[in-house]
file start13.cif (mmCIF, C-alpha atoms)
data_model
loop_
_atom_site.group_PDB
_atom_site.id
_atom_site.type_symbol
_atom_site.label_atom_id
_atom_site.label_comp_id
_atom_site.auth_asym_id
_atom_site.auth_seq_id
_atom_site.Cartn_x
_atom_site.Cartn_y
_atom_site.Cartn_z
ATOM 1 C CA MET A 1 -9.214 9.460 -9.786
ATOM 2 C CA GLU A 2 -11.286 7.152 -7.577
ATOM 3 C CA LEU A 3 -9.222 4.851 -5.353
ATOM 4 C CA ASN A 4 -10.285 1.845 -3.291
ATOM 5 C CA VAL A 5 -8.787 -0.519 -0.734
ATOM 6 C CA ASN A 6 -7.231 -2.649 -3.493
ATOM 7 C CA HIS A 7 -4.945 0.265 -4.294
ATOM 8 C CA TYR A 8 -3.192 -0.255 -0.948
ATOM 9 C CA LEU A 9 -2.028 -3.686 -2.109
ATOM 10 C CA LEU A 10 -1.213 -2.272 -5.547
ATOM 11 C CA SER A 11 0.939 0.372 -3.862
ATOM 12 C CA VAL A 12 2.842 -2.297 -1.930
ATOM 13 C CA LEU A 13 3.498 -4.305 -5.103
ATOM 14 C CA LEU A 14 4.670 -1.299 -7.107
ATOM 15 C CA GLY A 15 6.796 -0.110 -4.181
ATOM 16 C CA ILE A 16 8.520 -3.496 -4.136
ATOM 17 C CA VAL A 17 9.140 -3.341 -7.894
ATOM 18 C CA GLU A 18 10.642 0.148 -7.596
ATOM 19 C CA GLY A 19 12.804 -0.783 -4.614
ATOM 20 C CA LEU A 20 14.077 -3.950 -6.269
ATOM 21 C CA THR A 21 14.997 -2.347 -9.575
ATOM 22 C CA GLU A 22 16.046 1.271 -8.858
ATOM 23 C CA PHE A 23 19.711 0.457 -8.217
ATOM 24 C CA LEU A 24 20.119 -2.792 -10.134
ATOM 25 C CA PRO A 25 21.219 -2.298 -13.776
ATOM 26 C CA VAL A 26 17.851 -3.440 -15.128
ATOM 27 C CA SER A 27 15.928 -0.121 -15.344
ATOM 28 C CA SER A 28 13.400 0.669 -12.650
ATOM 29 C CA THR A 29 11.466 2.931 -15.029
ATOM 30 C CA ALA A 30 10.861 0.133 -17.523
ATOM 31 C CA HIS A 31 9.918 -2.372 -14.823
ATOM 32 C CA LEU A 32 7.588 0.072 -13.125
ATOM 33 C CA ARG A 33 5.834 1.026 -16.357
ATOM 34 C CA ILE A 34 5.518 -2.597 -17.487
ATOM 35 C CA SER A 35 4.189 -3.614 -14.055
ATOM 36 C CA GLU A 36 1.646 -0.794 -14.155
ATOM 37 C CA VAL A 37 0.382 -1.962 -17.535
ATOM 38 C CA LEU A 38 0.129 -5.593 -16.368
ATOM 39 C CA LEU A 39 -1.683 -4.475 -13.201
ATOM 40 C CA GLY A 40 -4.140 -2.313 -15.114
ATOM 41 C CA VAL A 41 -2.686 1.102 -14.244
ATOM 42 C CA SER A 42 -2.960 3.735 -16.974
ATOM 43 C CA LEU A 43 0.411 5.161 -18.050
ATOM 44 C CA SER A 44 -1.310 8.461 -18.868
ATOM 45 C CA SER A 45 -2.962 8.813 -15.442
ATOM 46 C CA GLY A 46 -1.810 12.001 -13.742
ATOM 47 C CA TYR A 47 -2.172 10.470 -10.268
ATOM 48 C CA TRP A 48 -0.091 7.379 -11.070
ATOM 49 C CA LYS A 49 2.580 9.522 -12.701
ATOM 50 C CA MET A 50 2.762 11.378 -9.405
ATOM 51 C CA TYR A 51 2.873 8.043 -7.588
ATOM 52 C CA SER A 52 5.858 6.916 -9.689
ATOM 53 C CA ILE A 53 7.718 10.102 -8.766
ATOM 54 C CA VAL A 54 7.054 9.624 -5.045
ATOM 55 C CA ILE A 55 8.163 5.985 -4.817
ATOM 56 C CA GLN A 56 11.268 6.732 -6.877
ATOM 57 C CA LEU A 57 12.140 9.451 -4.371
ATOM 58 C CA GLY A 58 11.591 6.933 -1.572
ATOM 59 C CA ALA A 59 14.110 4.545 -3.125
ATOM 60 C CA ILE A 60 16.654 7.303 -3.787
ATOM 61 C CA LEU A 61 16.517 8.618 -0.215
ATOM 62 C CA CYS A 62 17.775 5.293 1.120
ATOM 63 C CA LEU A 63 21.212 6.123 -0.345
ATOM 64 C CA PRO A 64 22.135 9.065 1.938
ATOM 65 C CA PHE A 65 21.109 6.884 4.870
ATOM 66 C CA TYR A 66 23.020 3.796 3.690
ATOM 67 C CA PHE A 67 26.169 5.782 2.807
ATOM 68 C CA ARG A 68 25.956 8.179 5.753
ATOM 69 C CA HIS A 69 29.355 7.145 7.144
ATOM 70 C CA ARG A 70 31.008 7.293 3.716
ATOM 71 C CA ILE A 71 29.491 10.723 3.081
ATOM 72 C CA ALA A 72 30.707 11.927 6.484
ATOM 73 C CA SER A 73 34.201 10.684 5.630
ATOM 74 C CA LEU A 74 34.230 12.509 2.292
ATOM 75 C CA LEU A 75 33.027 15.707 3.937
ATOM 76 C CA ALA A 76 35.684 15.383 6.635
ATOM 77 C CA THR A 77 38.467 15.082 4.046
ATOM 78 C CA PHE A 78 37.221 17.923 1.822
ATOM 79 C CA PRO A 79 38.983 19.448 -0.074
ATOM 80 C CA ARG A 80 42.363 17.663 0.315
ATOM 81 C CA GLY A 81 40.961 14.154 0.010
ATOM 82 C CA ARG A 82 41.854 10.995 1.893
ATOM 83 C CA ASP A 83 45.411 10.894 0.503
ATOM 84 C CA GLY A 84 45.948 14.638 0.778
ATOM 85 C CA GLY A 85 46.516 15.067 -2.948
ATOM 86 C CA ARG A 86 43.155 16.544 -3.956
ATOM 87 C CA THR A 87 41.967 20.113 -4.382
ATOM 88 C CA ILE A 88 38.585 21.793 -4.181
ATOM 89 C CA PHE A 89 38.257 21.136 -7.936
ATOM 90 C CA THR A 90 39.295 17.468 -7.912
ATOM 91 C CA HIS A 91 37.740 16.150 -4.709
ATOM 92 C CA PRO A 92 35.274 13.258 -5.328
ATOM 93 C CA LEU A 93 32.353 15.340 -4.022
ATOM 94 C CA THR A 94 33.156 18.132 -6.484
ATOM 95 C CA LEU A 95 33.508 15.652 -9.338
ATOM 96 C CA THR A 96 30.147 14.157 -8.421
ATOM 97 C CA GLY A 97 28.729 17.641 -8.926
ATOM 98 C CA VAL A 98 30.552 17.951 -12.260
ATOM 99 C CA ALA A 99 29.050 14.659 -13.462
ATOM 100 C CA PHE A 100 25.620 15.812 -12.287
ATOM 101 C CA VAL A 101 25.850 19.000 -14.380
ATOM 102 C CA CYS A 102 26.936 16.962 -17.421
ATOM 103 C CA THR A 103 23.723 14.960 -17.014
ATOM 104 C CA ALA A 104 21.321 17.711 -15.988
ATOM 105 C CA VAL A 105 21.911 20.226 -18.785
ATOM 106 C CA PRO A 106 21.371 17.848 -21.757
ATOM 107 C CA SER A 107 18.451 16.196 -19.953
ATOM 108 C CA LEU A 108 16.687 19.544 -19.596
ATOM 109 C CA LEU A 109 17.119 20.133 -23.328
ATOM 110 C CA LEU A 110 15.656 16.685 -24.045
ATOM 111 C CA THR A 111 12.602 17.078 -21.783
ATOM 112 C CA LYS A 112 10.077 16.607 -24.607
ATOM 113 C CA LEU A 113 11.762 13.432 -25.917
ATOM 114 C CA ILE A 114 12.029 12.029 -22.391
ATOM 115 C CA GLY A 115 8.321 12.636 -21.768
ATOM 116 C CA GLU A 116 7.336 10.879 -25.002
ATOM 117 C CA ASN A 117 9.551 7.846 -24.367
ATOM 118 C CA LEU A 118 8.267 7.416 -20.808
ATOM 119 C CA GLU A 119 4.976 6.183 -22.251
ATOM 120 C CA SER A 120 6.461 3.954 -24.957
ATOM 121 C CA LEU A 121 6.814 0.316 -23.946
ATOM 122 C CA ARG A 122 8.444 -0.365 -27.309
ATOM 123 C CA VAL A 123 11.277 2.080 -26.560
ATOM 124 C CA MET A 124 11.737 0.646 -23.076
ATOM 125 C CA ALA A 125 11.841 -2.947 -24.302
ATOM 126 C CA ALA A 126 14.373 -2.122 -27.036
ATOM 127 C CA ALA A 127 16.505 -0.195 -24.524
ATOM 128 C CA LEU A 128 16.439 -3.175 -22.146
ATOM 129 C CA VAL A 129 17.752 -5.486 -24.862
ATOM 130 C CA LEU A 130 20.387 -3.133 -26.288
ATOM 131 C CA GLY A 131 21.530 -2.071 -22.830
ATOM 132 C CA GLY A 132 21.859 -5.706 -21.789
ATOM 133 C CA ILE A 133 24.041 -6.482 -24.801
ATOM 134 C CA VAL A 134 26.256 -3.455 -24.133
ATOM 135 C CA MET A 135 26.591 -4.284 -20.432
ATOM 136 C CA TRP A 136 27.492 -7.897 -21.174
ATOM 137 C CA ILE A 137 30.183 -6.922 -23.678
ATOM 138 C CA VAL A 138 31.643 -4.193 -21.460
ATOM 139 C CA ASP A 139 31.730 -6.355 -18.338
ATOM 140 C CA ALA A 140 33.264 -9.282 -20.221
ATOM 141 C CA HIS A 141 36.018 -7.055 -21.624
ATOM 142 C CA TYR A 142 36.675 -4.713 -18.698
ATOM 143 C CA GLY A 143 35.411 -6.604 -15.666
ATOM 144 C CA SER A 144 38.096 -9.258 -15.151
ATOM 145 C CA SER A 145 39.133 -9.536 -11.505
ATOM 146 C CA ALA A 146 42.748 -9.989 -12.642
ATOM 147 C CA ARG A 147 42.700 -6.750 -14.643
ATOM 148 C CA SER A 148 44.840 -3.803 -13.574
ATOM 149 C CA TYR A 149 42.556 -0.803 -13.024
ATOM 150 C CA ARG A 150 43.569 2.832 -13.094
ATOM 151 C CA THR A 151 40.838 3.592 -10.535
ATOM 152 C CA THR A 152 40.103 1.036 -7.828
ATOM 153 C CA ASP A 153 38.377 3.429 -5.426
ATOM 154 C CA MET A 154 35.973 6.326 -5.889
ATOM 155 C CA ASP A 155 38.484 8.595 -4.113
ATOM 156 C CA GLN A 156 40.792 8.173 -7.127
ATOM 157 C CA ILE A 157 38.295 9.277 -9.793
ATOM 158 C CA SER A 158 39.498 11.898 -12.290
ATOM 159 C CA CYS A 159 37.680 14.878 -13.782
ATOM 160 C CA GLY A 160 37.686 13.236 -17.215
ATOM 161 C CA GLN A 161 36.070 10.083 -15.843
ATOM 162 C CA ALA A 162 33.394 12.108 -14.043
ATOM 163 C CA ILE A 163 32.520 14.095 -17.179
ATOM 164 C CA TRP A 164 32.380 10.913 -19.289
ATOM 165 C CA ILE A 165 30.116 9.098 -16.811
ATOM 166 C CA GLY A 166 27.833 12.119 -16.462
ATOM 167 C CA CYS A 167 27.426 12.400 -20.227
ATOM 168 C CA CYS A 168 26.702 8.679 -20.578
ATOM 169 C CA GLN A 169 23.996 8.942 -17.917
ATOM 170 C CA VAL A 170 22.026 11.175 -20.306
ATOM 171 C CA LEU A 171 21.222 8.042 -22.323
ATOM 172 C CA SER A 172 19.240 6.590 -19.441
ATOM 173 C CA ALA A 173 17.197 9.783 -19.171
ATOM 174 C CA ALA A 174 16.501 10.081 -22.894
ATOM 175 C CA PHE A 175 15.732 6.391 -23.406
ATOM 176 C CA PRO A 176 13.902 4.841 -20.428
ATOM 177 C CA GLY A 177 14.859 1.201 -20.129
ATOM 178 C CA THR A 178 18.556 1.924 -20.634
ATOM 179 C CA SER A 179 19.000 2.110 -16.839
ATOM 180 C CA ARG A 180 20.860 4.882 -15.072
ATOM 181 C CA SER A 181 22.981 2.432 -13.089
ATOM 182 C CA MET A 182 23.794 0.376 -16.190
ATOM 183 C CA SER A 183 24.945 3.417 -18.174
ATOM 184 C CA THR A 184 27.079 4.817 -15.346
ATOM 185 C CA ILE A 185 28.604 1.473 -14.334
ATOM 186 C CA ALA A 186 29.456 0.536 -17.927
ATOM 187 C CA ALA A 187 30.841 4.020 -18.569
ATOM 188 C CA GLY A 188 32.985 3.770 -15.453
ATOM 189 C CA GLN A 189 34.373 0.387 -16.470
ATOM 190 C CA ILE A 190 35.241 1.669 -19.944
ATOM 191 C CA ALA A 191 36.995 4.642 -18.319
ATOM 192 C CA GLY A 192 39.256 2.346 -16.278
ATOM 193 C CA MET A 193 37.322 1.969 -13.034
ATOM 194 C CA SER A 194 36.926 -1.328 -11.192
ATOM 195 C CA ARG A 195 33.433 -2.744 -10.682
ATOM 196 C CA PRO A 196 33.178 -1.626 -7.020
ATOM 197 C CA ALA A 197 34.529 1.863 -7.810
ATOM 198 C CA ALA A 198 32.176 2.311 -10.770
ATOM 199 C CA LEU A 199 29.219 1.077 -8.714
ATOM 200 C CA GLU A 200 29.970 3.346 -5.758
ATOM 201 C CA PHE A 201 30.312 6.413 -7.976
ATOM 202 C CA SER A 202 27.087 5.408 -9.732
ATOM 203 C CA PHE A 203 25.316 5.407 -6.365
ATOM 204 C CA PHE A 204 26.786 8.747 -5.309
ATOM 205 C CA LEU A 205 25.953 10.349 -8.654
ATOM 206 C CA SER A 206 22.377 9.109 -8.425
ATOM 207 C CA ILE A 207 21.805 11.051 -5.183
ATOM 208 C CA PRO A 208 21.883 14.597 -6.651
ATOM 209 C CA THR A 209 20.672 13.450 -10.077
ATOM 210 C CA MET A 210 17.560 11.612 -8.983
ATOM 211 C CA ILE A 211 16.673 13.854 -6.041
ATOM 212 C CA ALA A 212 16.817 16.905 -8.336
ATOM 213 C CA ALA A 213 14.802 15.163 -11.078
ATOM 214 C CA THR A 214 12.118 13.750 -8.787
ATOM 215 C CA CYS A 215 11.766 16.937 -6.734
ATOM 216 C CA TRP A 216 11.404 19.000 -9.919
ATOM 217 C CA ASP A 217 8.770 16.619 -11.277
ATOM 218 C CA MET A 218 6.995 16.624 -7.927
ATOM 219 C CA PHE A 219 6.985 20.428 -7.842
ATOM 220 C CA LYS A 220 5.388 20.542 -11.279
ATOM 221 C CA SER A 221 2.886 17.878 -10.274
ATOM 222 C CA LEU A 222 1.835 19.733 -7.127
ATOM 223 C CA ARG A 223 1.613 22.970 -9.087
ATOM 224 C CA HIS A 224 -0.725 21.188 -11.508
ATOM 225 C CA ALA A 225 -3.451 21.346 -8.884
ATOM 226 C CA HIS A 226 -3.305 25.144 -9.201
ATOM 227 C CA GLY A 227 -3.363 25.293 -12.972
ATOM 228 C CA GLY A 228 0.248 24.600 -13.926
ATOM 229 C CA GLY A 229 2.587 21.680 -14.407
ATOM 230 C CA GLU A 230 2.343 18.792 -16.804
ATOM 231 C CA ILE A 231 3.891 15.727 -15.185
ATOM 232 C CA GLY A 232 1.333 14.393 -12.736
ATOM 233 C CA VAL A 233 -1.539 15.288 -10.470
ATOM 234 C CA ALA A 234 -1.393 15.505 -6.671
ATOM 235 C CA PRO A 235 -3.876 13.397 -4.633
ATOM 236 C CA GLN A 236 -7.236 15.010 -4.003
ATOM 237 C CA ASP A 237 -8.128 13.109 -0.815
ATOM 238 C CA LEU A 238 -6.609 11.393 2.228
ATOM 239 C CA GLN A 239 -6.749 7.923 0.680
ATOM 240 C CA GLY A 240 -4.670 9.111 -2.251
ATOM 241 C CA TRP A 241 -1.981 10.409 0.127
ATOM 242 C CA ILE A 242 -2.026 7.130 2.083
ATOM 243 C CA VAL A 243 -1.418 5.147 -1.114
ATOM 244 C CA LEU A 244 1.537 7.416 -1.887
ATOM 245 C CA ALA A 245 2.921 7.020 1.641
ATOM 246 C CA ILE A 246 2.720 3.221 1.477
ATOM 247 C CA GLY A 247 4.620 3.131 -1.811
ATOM 248 C CA PHE A 248 7.229 5.573 -0.495
ATOM 249 C CA VAL A 249 7.988 3.541 2.649
ATOM 250 C CA VAL A 250 8.004 0.169 0.860
ATOM 251 C CA SER A 251 10.343 1.389 -1.886
ATOM 252 C CA PHE A 252 12.711 2.927 0.716
ATOM 253 C CA VAL A 253 13.001 -0.281 2.758
ATOM 254 C CA VAL A 254 13.329 -2.634 -0.221
ATOM 255 C CA ALA A 255 15.862 -0.370 -1.963
ATOM 256 C CA TYR A 256 18.017 -0.222 1.179
ATOM 257 C CA VAL A 257 18.207 -4.030 1.316
ATOM 258 C CA VAL A 258 18.998 -4.218 -2.411
ATOM 259 C CA VAL A 259 21.833 -1.662 -2.160
ATOM 260 C CA ALA A 260 23.444 -3.579 0.718
ATOM 261 C CA TRP A 261 23.184 -6.847 -1.200
ATOM 262 C CA PHE A 262 24.363 -5.393 -4.517
ATOM 263 C CA MET A 263 27.479 -3.789 -3.007
ATOM 264 C CA HIS A 264 28.502 -7.210 -1.694
ATOM 265 C CA TRP A 265 27.599 -9.017 -4.928
ATOM 266 C CA VAL A 266 29.682 -6.771 -7.186
ATOM 267 C CA ARG A 267 32.852 -7.294 -5.167
ATOM 268 C CA THR A 268 32.868 -11.002 -6.017
ATOM 269 C CA ARG A 269 30.742 -11.359 -9.166
ATOM 270 C CA GLY A 270 30.072 -9.562 -12.419
ATOM 271 C CA PHE A 271 27.070 -8.058 -14.154
ATOM 272 C CA ALA A 272 26.510 -10.850 -16.707
ATOM 273 C CA PRO A 273 23.397 -12.288 -14.951
ATOM 274 C CA PHE A 274 21.720 -8.880 -15.102
ATOM 275 C CA ALA A 275 22.654 -8.511 -18.766
ATOM 276 C CA VAL A 276 21.076 -11.878 -19.601
ATOM 277 C CA TYR A 277 17.943 -10.967 -17.634
ATOM 278 C CA ARG A 278 17.644 -7.654 -19.492
ATOM 279 C CA ILE A 279 17.923 -9.319 -22.883
ATOM 280 C CA VAL A 280 15.359 -12.017 -22.055
ATOM 281 C CA ALA A 281 12.888 -9.668 -20.354
ATOM 282 C CA GLY A 282 13.241 -6.957 -22.992
ATOM 283 C CA SER A 283 12.757 -9.438 -25.832
ATOM 284 C CA ALA A 284 9.635 -10.877 -24.173
ATOM 285 C CA VAL A 285 8.119 -7.416 -23.699
ATOM 286 C CA LEU A 286 9.017 -6.383 -27.250
ATOM 287 C CA VAL A 287 7.299 -9.463 -28.680
ATOM 288 C CA TRP A 288 4.246 -8.826 -26.477
ATOM 289 C CA VAL A 289 4.031 -5.164 -27.518
ATOM 290 C CA LEU A 290 4.396 -5.943 -31.228
ATOM 291 C CA ARG A 291 1.545 -8.459 -31.007
ATOM 292 C CA GLN A 292 -0.839 -5.920 -29.484
#
call {"tool": "encode", "arguments": {"input": "start13.cif", "output": "C-alpha cells"}}
result
Amino acid sequence: MELNVNHYLLSVLLGIVEGLTEFLPVSSTAHLRISEVLLGVSLSSGYWKMYSIVIQLGAILCLPFYFRHRIASLLATFPRGRDGGRTIFTHPLTLTGVAFVCTAVPSLLLTKLIGENLESLRVMAAALVLGGIVMWIVDAHYGSSARSYRTTDMDQISCGQAIWIGCCQVLSAAFPGTSRSMSTIAAGQIAGMSRPAALEFSFFLSIPTMIAATCWDMFKSLRHAHGGGEIGVAPQDLQGWIVLAIGFVVSFVVAYVVVAWFMHWVRTRGFAPFAVYRIVAGSAVLVWVLRQ
C-alpha cells in the first residue's frame, strides 16, 4: 500500500480515537472501524488491519504502567492475599487467569465469526445500541451508591465471579461494538461487585486478554509477509513503520490519561452517560449504514 505524509496525521487521529475509547465502555473496535470508514480507510486493507492491532497494543500496554504499584502489591501478597485468607487458587491474580481462560477458549472457537463481524458496521452499530441499553439497565439497578455490595474491592473477588465475568467477555469478542469493558463491568455489577471493583477487575482482565489477542494477531500478520497469516500485512517500507509507531505512541499516551480519569469518574458517578452515548451513536450509524 502506498502511503504519503497525510497518513502521519491520519495515524495521530486514529491513535487518539483508540486511546479515548479502548477503556471506556463504548467499544474501541466500533469507533476505530467507523472512524476509518469516515476517513477513507479500507476495512479490508491488510496494512490498516495491522495498524489497528498495533495501536490497540499501545493502548493496552499503558495498563501495566498505570497499575504498576497495584500489580507489585498483588505480587507481594501472593498467594495469601492482603487479608491472609487467600490461597494459590483463590488469589486475585489467579482468578484473573481463570477469567482469561474462560474468555480465550470460546473466542478461539469463534475466530471465523469474529473475523466476519469485524468488517460489519451493521453488527457494530446494533451492538452499540443493545449494549448501551443493557449497561443502562444494569447500572440503574445495581449501581446505587447506597447499595450493599458483596465485593467492594478486587481483592475480594470469588472464583464464581471471575468465571462469570470471563464468559461474559466473550460477547465483546464475538460481536464487536459490544465493548469488552462494558461486558465485564456490567457482568461484575450483576455478580455483586461495586462499580470501582468491577472496573478495576475489568482493567486487570484486559491486560492478559488483549495482550494475548493482539500479539497473536500481530504474529499472524508478520507471518503473512512470508506466505502465512490472514489478519493483516506488515509494512513494506520505513514510512509504513513510522505511521505504526506514531499511532502506537499516541494511543498509549491518550489511553493512560483516560484510565486515570475514568478511575476517578466511576468512584463518584455511574455509567449512564456512556449508555446514552452508545445508544445515540449506534442508532446514528445504523441509520447511516441502512441508507447506503
call {"tool": "atom_distance", "arguments": {"input": "start13.cif", "atom1": "CA of Ala59 (chain A)", "atom2": "CA of Ala191 (chain A)"}}
result
27.5 Å
call {"tool": "residues_near_point", "arguments": {"input": "start13.cif", "point": "(6.8, -4.2, -31.9)", "cutoff": "12 Å", "atoms": "all atoms listed in the file", "output": "ChimeraX atom specification"}}
result
/A:120-126,282-292
call {"tool": "write_last_selection", "arguments": {"input": "start13.cif", "atoms": "C-alpha atoms", "output": "mmCIF file, in the coordinates of the input"}}
result
data_model
loop_
_atom_site.group_PDB
_atom_site.id
_atom_site.type_symbol
_atom_site.label_atom_id
_atom_site.label_comp_id
_atom_site.auth_asym_id
_atom_site.auth_seq_id
_atom_site.Cartn_x
_atom_site.Cartn_y
_atom_site.Cartn_z
ATOM 1 C CA SER A 120 6.461 3.954 -24.957
ATOM 2 C CA LEU A 121 6.814 0.316 -23.946
ATOM 3 C CA ARG A 122 8.444 -0.365 -27.309
ATOM 4 C CA VAL A 123 11.277 2.080 -26.560
ATOM 5 C CA MET A 124 11.737 0.646 -23.076
ATOM 6 C CA ALA A 125 11.841 -2.947 -24.302
ATOM 7 C CA ALA A 126 14.373 -2.122 -27.036
ATOM 8 C CA GLY A 282 13.241 -6.957 -22.992
ATOM 9 C CA SER A 283 12.757 -9.438 -25.832
ATOM 10 C CA ALA A 284 9.635 -10.877 -24.173
ATOM 11 C CA VAL A 285 8.119 -7.416 -23.699
ATOM 12 C CA LEU A 286 9.017 -6.383 -27.250
ATOM 13 C CA VAL A 287 7.299 -9.463 -28.680
ATOM 14 C CA TRP A 288 4.246 -8.826 -26.477
ATOM 15 C CA VAL A 289 4.031 -5.164 -27.518
ATOM 16 C CA LEU A 290 4.396 -5.943 -31.228
ATOM 17 C CA ARG A 291 1.545 -8.459 -31.007
ATOM 18 C CA GLN A 292 -0.839 -5.920 -29.484
#
call {"tool": "resolve_selection", "arguments": {"input": "start13.cif", "expression": "the PyMOL selection byres ((chain A and resi 153) around 8)", "output": "list of chain:residue names"}}
result
A:Thr151, A:Thr152, A:Met154, A:Asp155, A:Gln156, A:Ile157, A:Met193, A:Ser194, A:Pro196, A:Ala197
call {"tool": "resolve_selection", "arguments": {"input": "start13.cif", "expression": "the PyMOL selection byres ((chain A and resi 26) around 12)", "output": "PyMOL selection string"}}
result
chain A and resi 17-25+27-32+124-125+127-133+135+172+176-183+185+271-282
call {"tool": "resolve_selection", "arguments": {"input": "start13.cif", "expression": "the PyMOL selection byres ((chain A and resi 249) around 10)", "output": "PyMOL selection string"}}
result
chain A and resi 12+15-16+19+54-55+58-59+244-248+250-255
call {"tool": "write_last_selection", "arguments": {"input": "start13.cif", "atoms": "C-alpha atoms", "output": "compact mmCIF listing (two decimals), in the coordinates of the input"}}
result
# COMPACT_ATOMS: atom_id res chain seq x y z
CA VAL A 12 2.84 -2.30 -1.93
CA GLY A 15 6.80 -0.11 -4.18
CA ILE A 16 8.52 -3.50 -4.14
CA GLY A 19 12.80 -0.78 -4.61
CA VAL A 54 7.05 9.62 -5.04
CA ILE A 55 8.16 5.98 -4.82
CA GLY A 58 11.59 6.93 -1.57
CA ALA A 59 14.11 4.54 -3.12
CA LEU A 244 1.54 7.42 -1.89
CA ALA A 245 2.92 7.02 1.64
CA ILE A 246 2.72 3.22 1.48
CA GLY A 247 4.62 3.13 -1.81
CA PHE A 248 7.23 5.57 -0.50
CA VAL A 250 8.00 0.17 0.86
CA SER A 251 10.34 1.39 -1.89
CA PHE A 252 12.71 2.93 0.72
CA VAL A 253 13.00 -0.28 2.76
CA VAL A 254 13.33 -2.63 -0.22
CA ALA A 255 15.86 -0.37 -1.96
call {"tool": "atom_distance", "arguments": {"input": "start13.cif", "atom1": "CA of Trp265 (chain A)", "atom2": "CA of Ile207 (chain A)"}}
result
20.9 Å
call {"tool": "closest_residue", "arguments": {"input": "start13.cif", "among": "A:Ala173, A:Gly240, A:Ser42, A:Gly192", "to": "Leu108 (chain A)", "atoms": "all atoms listed in the file"}}
result
A:Ala173
call {"tool": "closest_residue", "arguments": {"input": "start13.cif", "among": "A:Ala198, A:Val233, A:Phe65, A:Leu95", "to": "Pro79 (chain A)", "atoms": "all atoms listed in the file"}}
result
A:Leu95
call {"tool": "closest_residue", "arguments": {"input": "start13.cif", "among": "A:Tyr256, A:Phe175, A:Tyr51, A:Trp164", "to": "Thr103 (chain A)", "atoms": "all atoms listed in the file"}}
result
A:Trp164
call {"tool": "closest_residue", "arguments": {"input": "start13.cif", "among": "A:Gly85, A:Gly166, A:Gly143, A:Pro208", "to": "Gly270 (chain A)", "atoms": "only C-alpha atoms"}}
result
A:Gly143
call {"tool": "atom_distance", "arguments": {"input": "start13.cif", "atom1": "CA of Tyr66 (chain A)", "atom2": "CA of Gln169 (chain A)"}}
result
22.2 Å
call {"tool": "residues_around", "arguments": {"input": "start13.cif", "residues": "Arg70 (chain A)", "least_positions_apart": "4", "cutoff": "12 Å", "atoms": "all atoms listed in the file", "output": "MDAnalysis selection string"}}
result
chainID A and resid 63:66 74:77 82 92:93 154:155 200:201 203:204
call {"tool": "axis_aligned_box", "arguments": {"input": "start13.cif", "around": "region 147-164 of chain A", "padding_each_side": "5 Å", "output": "AutoDock Vina command-line options"}}
result
--center_x 38.6 --center_y 4.1 --center_z -11.7 --size_x 22.5 --size_y 31.6 --size_z 25.2
call {"tool": "closest_residue", "arguments": {"input": "start13.cif", "among": "A:Lys112, A:Arg86, A:Arg195, A:His69", "to": "Ala140 (chain A)", "atoms": "only C-alpha atoms"}}
result
A:Arg195
call {"tool": "closest_residue", "arguments": {"input": "start13.cif", "among": "A:Gln236, A:Ser158, A:Asn6, A:Ser202", "to": "Thr90 (chain A)", "atoms": "only C-alpha atoms"}}
result
A:Ser158
